[in-house]
Structures are given as C-alpha cells and as structure tokens.
Amino acid sequence: MRPPAAPEAPGLEELWRSLLPLGYHPASGGYRRFAWSAADLACRAWFTAQAADRGLALRTDRNGNQWAWWGEDLPGKALAVGSHLDSVPDGGAFDGPLGVVASFAALDLLRAAGWAPQRPVAIANFADEEGARFGVACAGSRLLTGQLDPDRARALTDADGVSLAAAMEAAGQDPDALGPDAELLGRIGQYVELHIEQGRALVDLDRAIGVATAIWPHGRWRFEFGGEANHAGTTLLADRRDPMLTYAYTVLAARKKAAAHGALATFGRIRVEPNGTNAIPSKVSAWLDGRAPDEATLSALLAELESAARERAERDGASFLVVNESLTPVVEFDHALRDQLAKTLDEAPALPTGAGHDAGILAACLPTAMLFVRNPSGVSHSPAEQTSMADCRAGVHALARTVAQLAGTPLAPEVSA
Ligand SMILES: [Zn+2]
C-alpha cells in the first residue's frame with residue numbers, strides 16, 4: 001500500500017506530501033512514529049524545516065516539546081496552537097499531524113491575507129503524546145506542567161528495555177533537564193489544539209468542525225496474573241495454575257461492567273511468559289484502558305473489576321495484582337474560550353470526548369480549547385482514520401479564524417470564507 005493521498009489545497013498539499021511518507025509502514029498501511037524513534041526524529045526534523053521555511057523561531061523546551069514562534073518578541077502572552085506528530089502502533093495519518101499541518105497552513109493563509117499577530121503565536125509539536133513506546137501518554141506536556149515526575153519519566157522503559165532517558169539522550173536531548181517549566185508556561189496565554197474527531201458525532205450532525213466540551217476521566221492499569229509454567233501436553237487440567245484463564249475472565253468482566261456503567265474498558269496489550277504455544281503461562285501482564293463520564297463511575301468500575309478478578313484468581317490458583325500506571329481526572333475546557341470559538345466558527349457544535357490530549361493536560365495551567373475535524377469513518381488509532389480534502393481545508397480556515405480572533409484582528413469574511 002502507498003501512503004494515503006494528500007488532501008488537495010494550496011500549500012496544504014505540499015505540507016502533507018512532505019510529511020505522509022515519514023514513519024509509514026506499507027504492510028499495515030499505518031504509521032509507527034514512536035517517541036524518539038528514527039521515524040519520530042524525522043517528523044521533528046520536518047517540523048524544524050517547516051518553521052525555518054516560514055522564518056519562525058524554533059525552540060525545543062527542556063522536555064523535548066518543539067515550539068515554532070511567530071512574533072516571539074511581541075508584547076503579551078502567546079496564543080499556542082498545534083498538536084503532536086507521534087503515533088500509536090499502526091496509527092492513522094491524521095491523529096496529531098492534522099493539528100500541526102493545519103497550524104502551519106493557517107499561518108500561511110493568514111500571512112497571504114496580509115494579517116499579522118498583535119501578540120506572539122506559537123505552533124507546538126508535543127513530544128510523546130501517545131505514550132506508545134514508554135507507556136505514559138502526554139509525557140511531554142505532563143512533564144512541562146509538573147504532572148509527571150522527571151525521575152519516573154527518565155526510568156520509563158520501552159519493550160526493548162531502552163529507557164526514556166537513554167532514548168532522549170541518543171536524540172541529542174538532555175534528559176537531566178526534564179521537569180516543569182514555569183517560565184515557558186508563563187509566556188503562553190491560551191492553547192487551542194485542532195484534532196481529527198475520534199468518533200462519528202460530526203458526521204451525524206452534518207458539520208465539518210466541532211468544539212470540545214470536556215475530556216472524560218481516564219487511566220491505565222496493569223493487571224498481573226501469576227501462575228505456574230508447565231507442559232501443555234502432560235499437565236492434567238486439574239493440576240494447572242493457569243493465569244490465562246483469570247486474564248480471559250477479567251477481559252469479559254471488564255466489558256460487561258463497562259457496559260453496565262456507561263463507561264469504556266479495553267484490554268489492548270498483554271505480555272505472556274514464557275509465551276510458548278505448548279506451555280501453560282507462568283505470568284500474564286495485561287494493560288487496561290478505562291474511561292468514564294465521571295471519576296466516581298471510573299473508580300467504581302475499577303473496584304468491581306478488581307474484586308471480580310481477585311475472586312477468579314482464587315479459583316484458578318493464580319496470584320493477582322493491579323497497579324495504576326496513570327490517571328487523568330475529568331477535564332473541562334475553558335468555558336469562555338470554547339464559547340468564543342463556537343461563536344467565531346458559525347455556532348460549531350459542542351462535543352465531549354473520551355480521548356486524552358495535550359490540551360487536556362495543559363488545561364490545569366492555562367485556558368485551553370479543542371477543535372475537532374470530521375472523520376467520516378469515525379475510526380481512530382488505525383489506518384482507517386480519514387478526513388476529506390474539503391474538511392481538512394475547513395479545519396485550516398477554522399484555525400485561521402480562531403488565531404485571527406484571539407491574537408489580533410478578526411479576518412474579513414471574504415478571507416475566512
Ligand atoms: Zn492525538
């Protein structure tokens with residue numbers, strides 16, 4: 001398979017054409033842009049080149065997030081826009097990159113219209129948003145805002161045992177510098193992240209652009225099921241201590257309990273030891289992604305699931321342990337900002353989301369908002385994720401109108417139409 005066709009629009013097409021081949025895997029048709037990997041470094045170099053082409057000042061902060069500044073020396077706090085360029089395993093082309101590409105394209109559109117900012121505008125590429133390699137989502141923005149301990153971050157390891165510190169160091173980024181950055185945060189007044197919608201609400205509403213209301217609370221938990229490795233051909237069923245059974249039961253229980261609570265629960269990753277076809281496992285480690293409309297529901301879901309798994313583990317003669325690896329509380333986006341965006345964008349519809357974003361992390365420190373662009377497939381974290389050329393262009397225009405409204409004088413209607 002070839003990379004997806006670039007959405008056609010002046011300037012946009014060129015941006016997509018230069019980015020789409022990076023980290024593309026023809027066999028799956030998806031992207032593997034894991035934080036600090038060769039593919040991610042290629043994307044970061046692409047970002048640097050885009051900044052240079054536009055005469056923007058490129059700054060990499062102490063946590064590896066990239067910032068391209070337009071009018072860095074203007075008075076006032078900056079309006080930041082952008083998103084991320086890393087991906088989940090075999091992710092789609094637009095989750096993250098759409099926000100970064102649209103930011104550069106919106107800047108081009110504003111400049112072509114003769115518009116100039118009255119306060120600084122920064123385009124961000126947040127490091128390691130997906131957490132696909134080191135297990136903590138939004139690592140770059142969490143470190144920036146003091147929501148991830150630098151020692152813990154440095155010690156995170158990937159599947160090959162490479163630490164985040166080593167991966168950053170190999171990429172020329174000083175891991176000792178990791179940590180909260182009040183000076184940088186103090187320079188940013190607002191952050192608006194444009195993102196492909198991860199669902200089908202805009203399709204059903206027949207609208208290209210929506211404004212986010214809130215992000216559901218969500219977290220990741222590691223379930224450890226321990227048993228006894230033994231021969232699959234010689235061990236009587238009655239004599240087995242098979243942790244795979246406990247795991248299998250827990251997956252089904254998670255689904256059932258999530259449905260009962262109006263929540264979401266997904267086991268998407270497991271590790272089996274010794275991982276042999278003819279061996280009863282000695283250990284199954286499984287990662288649960290849990291999300292719910294509110295925090296009380298999420299903790300009730302986890303408590304019920306934990307007790308069900310524990311009970312089942314006893315029946316299977318297995319050991320059981322659950323460790324919370326991350327937990328993000330509910331995030332309400334800034335009400336005044338989101339209302340202003342909805343008004344600026346022709347009463348764009350308001351949508352909640354179950355997905356975490358850097359805008360949600362930054363919301364703890366400054367007013368943030370998100371714009372969603374219609375995704376006809378509704379699919380996300382998969383090559384089936386889509387956006388049309390027309391909607392991509394609508395996203396660029398929406399972002400340009402947003403930047404104009406917030407960082408200077410609103411655009412004339414003929415420019416933003
Ligand atoms: Zn994303």
# chains A, B, ... in the order shown; residues from 1 in each chain; ligands from 1
call {"tool": "residues_near_ligand", "arguments": {"ligand": "ligand 1", "cutoff": "7 Å", "atoms": "only C-alpha atoms and all ligand atoms", "output": "list in words"}}
result
His84, Asp95, Gly96, Glu129, Glu130, His195 and His357 of chain A
call {"tool": "write_last_selection", "arguments": {"atoms": "N, CA, C and O atoms", "output": "PDB file, in the first residue's frame"}}
result
ATOM      1  N   HIS A  84       0.452  16.974  18.007  1.00  0.00           N
ATOM      2  CA  HIS A  84       1.607  16.086  18.137  1.00  0.00           C
ATOM      3  C   HIS A  84       1.839  15.343  16.826  1.00  0.00           C
ATOM      4  O   HIS A  84       0.917  15.229  16.003  1.00  0.00           O
ATOM      5  N   ASP A  95      -4.289  11.675  13.233  1.00  0.00           N
ATOM      6  CA  ASP A  95      -4.330  11.881  14.690  1.00  0.00           C
ATOM      7  C   ASP A  95      -3.024  12.526  15.130  1.00  0.00           C
ATOM      8  O   ASP A  95      -1.994  11.860  15.213  1.00  0.00           O
ATOM      9  N   GLY A  96      -3.080  13.802  15.400  1.00  0.00           N
ATOM     10  CA  GLY A  96      -1.892  14.570  15.752  1.00  0.00           C
ATOM     11  C   GLY A  96      -1.436  15.432  14.587  1.00  0.00           C
ATOM     12  O   GLY A  96      -1.566  16.662  14.634  1.00  0.00           O
ATOM     13  N   GLU A 129       3.040  12.134  22.771  1.00  0.00           N
ATOM     14  CA  GLU A 129       1.644  12.299  23.190  1.00  0.00           C
ATOM     15  C   GLU A 129       0.966  10.952  23.393  1.00  0.00           C
ATOM     16  O   GLU A 129       0.183  10.764  24.302  1.00  0.00           O
ATOM     17  N   GLU A 130       1.274   9.997  22.505  1.00  0.00           N
ATOM     18  CA  GLU A 130       0.526   8.736  22.537  1.00  0.00           C
ATOM     19  C   GLU A 130       0.998   7.784  23.633  1.00  0.00           C
ATOM     20  O   GLU A 130       0.277   6.871  24.017  1.00  0.00           O
ATOM     21  N   HIS A 195      -7.811  18.828  16.145  1.00  0.00           N
ATOM     22  CA  HIS A 195      -7.582  17.378  16.130  1.00  0.00           C
ATOM     23  C   HIS A 195      -8.657  16.705  15.294  1.00  0.00           C
ATOM     24  O   HIS A 195      -9.799  17.170  15.251  1.00  0.00           O
ATOM     25  N   HIS A 357      -5.704  14.348  25.534  1.00  0.00           N
ATOM     26  CA  HIS A 357      -4.935  15.208  24.627  1.00  0.00           C
ATOM     27  C   HIS A 357      -4.042  16.123  25.448  1.00  0.00           C
ATOM     28  O   HIS A 357      -4.331  16.405  26.610  1.00  0.00           O
TER      29      HIS A 357
END
call {"tool": "closest_atom_pairs", "arguments": {"of": "region 259-295 of chain A", "to": "region 157-160 of chain A", "cutoff": "12 Å", "atoms": "only C-alpha atoms", "output": "JSON lines"}}
result
{"residue": "A:Arg269", "atom": "CA", "partner": "A:Ala159", "partner_atom": "CA", "distance": 11.9}
{"residue": "A:Ile270", "atom": "CA", "partner": "A:Ala159", "partner_atom": "CA", "distance": 11.9}
{"residue": "A:Arg271", "atom": "CA", "partner": "A:Ala159", "partner_atom": "CA", "distance": 10.2}
call {"tool": "write_last_selection", "arguments": {"atoms": "C-alpha atoms", "output": "tab-separated table (two decimals), in the first residue's frame"}}
result
chain	number	residue	atom	x	y	z
A	269	ARG	CA	-1.99	-5.08	25.27
A	270	ILE	CA	-0.80	-8.23	27.01
A	271	ARG	CA	2.53	-9.88	27.71
call {"tool": "atom_distance", "arguments": {"atom1": "CA of Leu148 (chain A)", "atom2": "CA of Leu19 (chain A)"}}
result
29.6 Å
call {"tool": "closest_atom_pairs", "arguments": {"of": "region 191-309 of chain A", "to": "region 118-128 of chain A", "cutoff": "12 Å", "atoms": "only C-alpha atoms", "output": "JSON lines"}}
result
{"residue": "A:Tyr191", "atom": "CA", "partner": "A:Ala122", "partner_atom": "CA", "distance": 9.1}
{"residue": "A:Val192", "atom": "CA", "partner": "A:Ile123", "partner_atom": "CA", "distance": 9.9}
{"residue": "A:Glu193", "atom": "CA", "partner": "A:Ala124", "partner_atom": "CA", "distance": 9.2}
{"residue": "A:Leu194", "atom": "CA", "partner": "A:Ile123", "partner_atom": "CA", "distance": 11.3}
call {"tool": "write_last_selection", "arguments": {"atoms": "N, CA and C atoms", "output": "short mmCIF file (atom, residue, chain, number, x, y, z; two decimals), in the first residue's frame"}}
result
data_model
loop_
_atom_site.label_atom_id
_atom_site.label_comp_id
_atom_site.auth_asym_id
_atom_site.auth_seq_id
_atom_site.Cartn_x
_atom_site.Cartn_y
_atom_site.Cartn_z
N TYR A 191 -4.08 27.85 24.78
CA TYR A 191 -3.68 26.82 23.82
C TYR A 191 -4.93 26.26 23.14
N VAL A 192 -4.92 26.26 21.80
CA VAL A 192 -6.03 25.70 21.03
C VAL A 192 -5.47 24.57 20.16
N GLU A 193 -5.98 23.36 20.38
CA GLU A 193 -5.50 22.19 19.62
C GLU A 193 -6.58 21.74 18.65
N LEU A 194 -6.22 21.70 17.38
CA LEU A 194 -7.13 21.15 16.37
C LEU A 194 -6.79 19.68 16.21
#
call {"tool": "residues_around", "arguments": {"residues": "region 248-264 of chain A", "least_positions_apart": "2", "cutoff": "7 Å", "atoms": "only C-alpha atoms", "output": "MDAnalysis selection string"}}
result
chainID A and resid 244:246 266:267 290:293 297 301 305 309
call {"tool": "write_last_selection", "arguments": {"atoms": "N, CA and C atoms", "output": "PDB file, in the first residue's frame"}}
result
ATOM      1  N   MET A 244      -3.807 -17.485  32.428  1.00  0.00           N
ATOM      2  CA  MET A 244      -4.511 -17.046  31.224  1.00  0.00           C
ATOM      3  C   MET A 244      -6.020 -17.135  31.425  1.00  0.00           C
ATOM      4  N   LEU A 245      -6.446 -18.115  32.211  1.00  0.00           N
ATOM      5  CA  LEU A 245      -7.880 -18.247  32.486  1.00  0.00           C
ATOM      6  C   LEU A 245      -8.383 -17.033  33.252  1.00  0.00           C
ATOM      7  N   THR A 246      -7.603 -16.616  34.250  1.00  0.00           N
ATOM      8  CA  THR A 246      -8.007 -15.459  35.063  1.00  0.00           C
ATOM      9  C   THR A 246      -8.046 -14.218  34.188  1.00  0.00           C
ATOM     10  N   THR A 266     -10.966  -1.402  28.087  1.00  0.00           N
ATOM     11  CA  THR A 266     -10.322  -2.109  26.978  1.00  0.00           C
ATOM     12  C   THR A 266      -9.003  -2.715  27.414  1.00  0.00           C
ATOM     13  N   PHE A 267      -8.844  -4.012  27.202  1.00  0.00           N
ATOM     14  CA  PHE A 267      -7.519  -4.617  27.307  1.00  0.00           C
ATOM     15  C   PHE A 267      -6.953  -4.679  25.886  1.00  0.00           C
ATOM     16  N   GLY A 290      -9.179   2.436  30.908  1.00  0.00           N
ATOM     17  CA  GLY A 290     -10.535   2.661  31.411  1.00  0.00           C
ATOM     18  C   GLY A 290     -10.928   4.121  31.325  1.00  0.00           C
ATOM     19  N   ARG A 291     -12.182   4.385  30.910  1.00  0.00           N
ATOM     20  CA  ARG A 291     -12.679   5.761  30.769  1.00  0.00           C
ATOM     21  C   ARG A 291     -14.149   5.792  31.168  1.00  0.00           C
ATOM     22  N   ALA A 292     -14.569   6.911  31.750  1.00  0.00           N
ATOM     23  CA  ALA A 292     -15.965   7.025  32.172  1.00  0.00           C
ATOM     24  C   ALA A 292     -16.359   8.500  32.175  1.00  0.00           C
ATOM     25  N   PRO A 293     -17.679   8.770  32.166  1.00  0.00           N
ATOM     26  CA  PRO A 293     -18.114  10.172  32.134  1.00  0.00           C
ATOM     27  C   PRO A 293     -17.683  10.956  33.375  1.00  0.00           C
ATOM     28  N   THR A 297     -17.654   7.078  38.693  1.00  0.00           N
ATOM     29  CA  THR A 297     -18.006   5.906  37.880  1.00  0.00           C
ATOM     30  C   THR A 297     -16.758   5.109  37.531  1.00  0.00           C
ATOM     31  N   LEU A 301     -16.039   1.277  38.665  1.00  0.00           N
ATOM     32  CA  LEU A 301     -15.768   0.247  37.655  1.00  0.00           C
ATOM     33  C   LEU A 301     -14.500  -0.531  38.005  1.00  0.00           C
ATOM     34  N   LEU A 305     -14.127  -4.478  39.098  1.00  0.00           N
ATOM     35  CA  LEU A 305     -13.336  -5.358  38.237  1.00  0.00           C
ATOM     36  C   LEU A 305     -12.223  -6.029  39.037  1.00  0.00           C
ATOM     37  N   ALA A 309     -11.762 -10.020  39.479  1.00  0.00           N
ATOM     38  CA  ALA A 309     -10.528 -10.688  39.046  1.00  0.00           C
ATOM     39  C   ALA A 309      -9.899 -11.443  40.215  1.00  0.00           C
TER      40      ALA A 309
END
call {"tool": "select_by_dssp", "arguments": {"residues": "region 170-343 of chain A", "states": "strand (DSSP E)", "output": "count of residues only"}}
result
60
call {"tool": "closest_residue", "arguments": {"among": "A:Ala279, A:Ala57, A:Phe225, A:Ala170", "to": "Gly71 (chain A)", "atoms": "only C-alpha atoms"}}
result
A:Ala57
call {"tool": "select_by_dssp", "arguments": {"residues": "region 297-333 of chain A", "states": "alpha helix (DSSP H)", "output": "list in words"}}
result
Thr297, Leu298, Ser299, Ala300, Leu301, Leu302, Ala303, Glu304, Leu305, Glu306, Ser307, Ala308, Ala309, Arg310, Glu311, Arg312, Ala313, Glu314, Arg315 and Asp316 of chain A
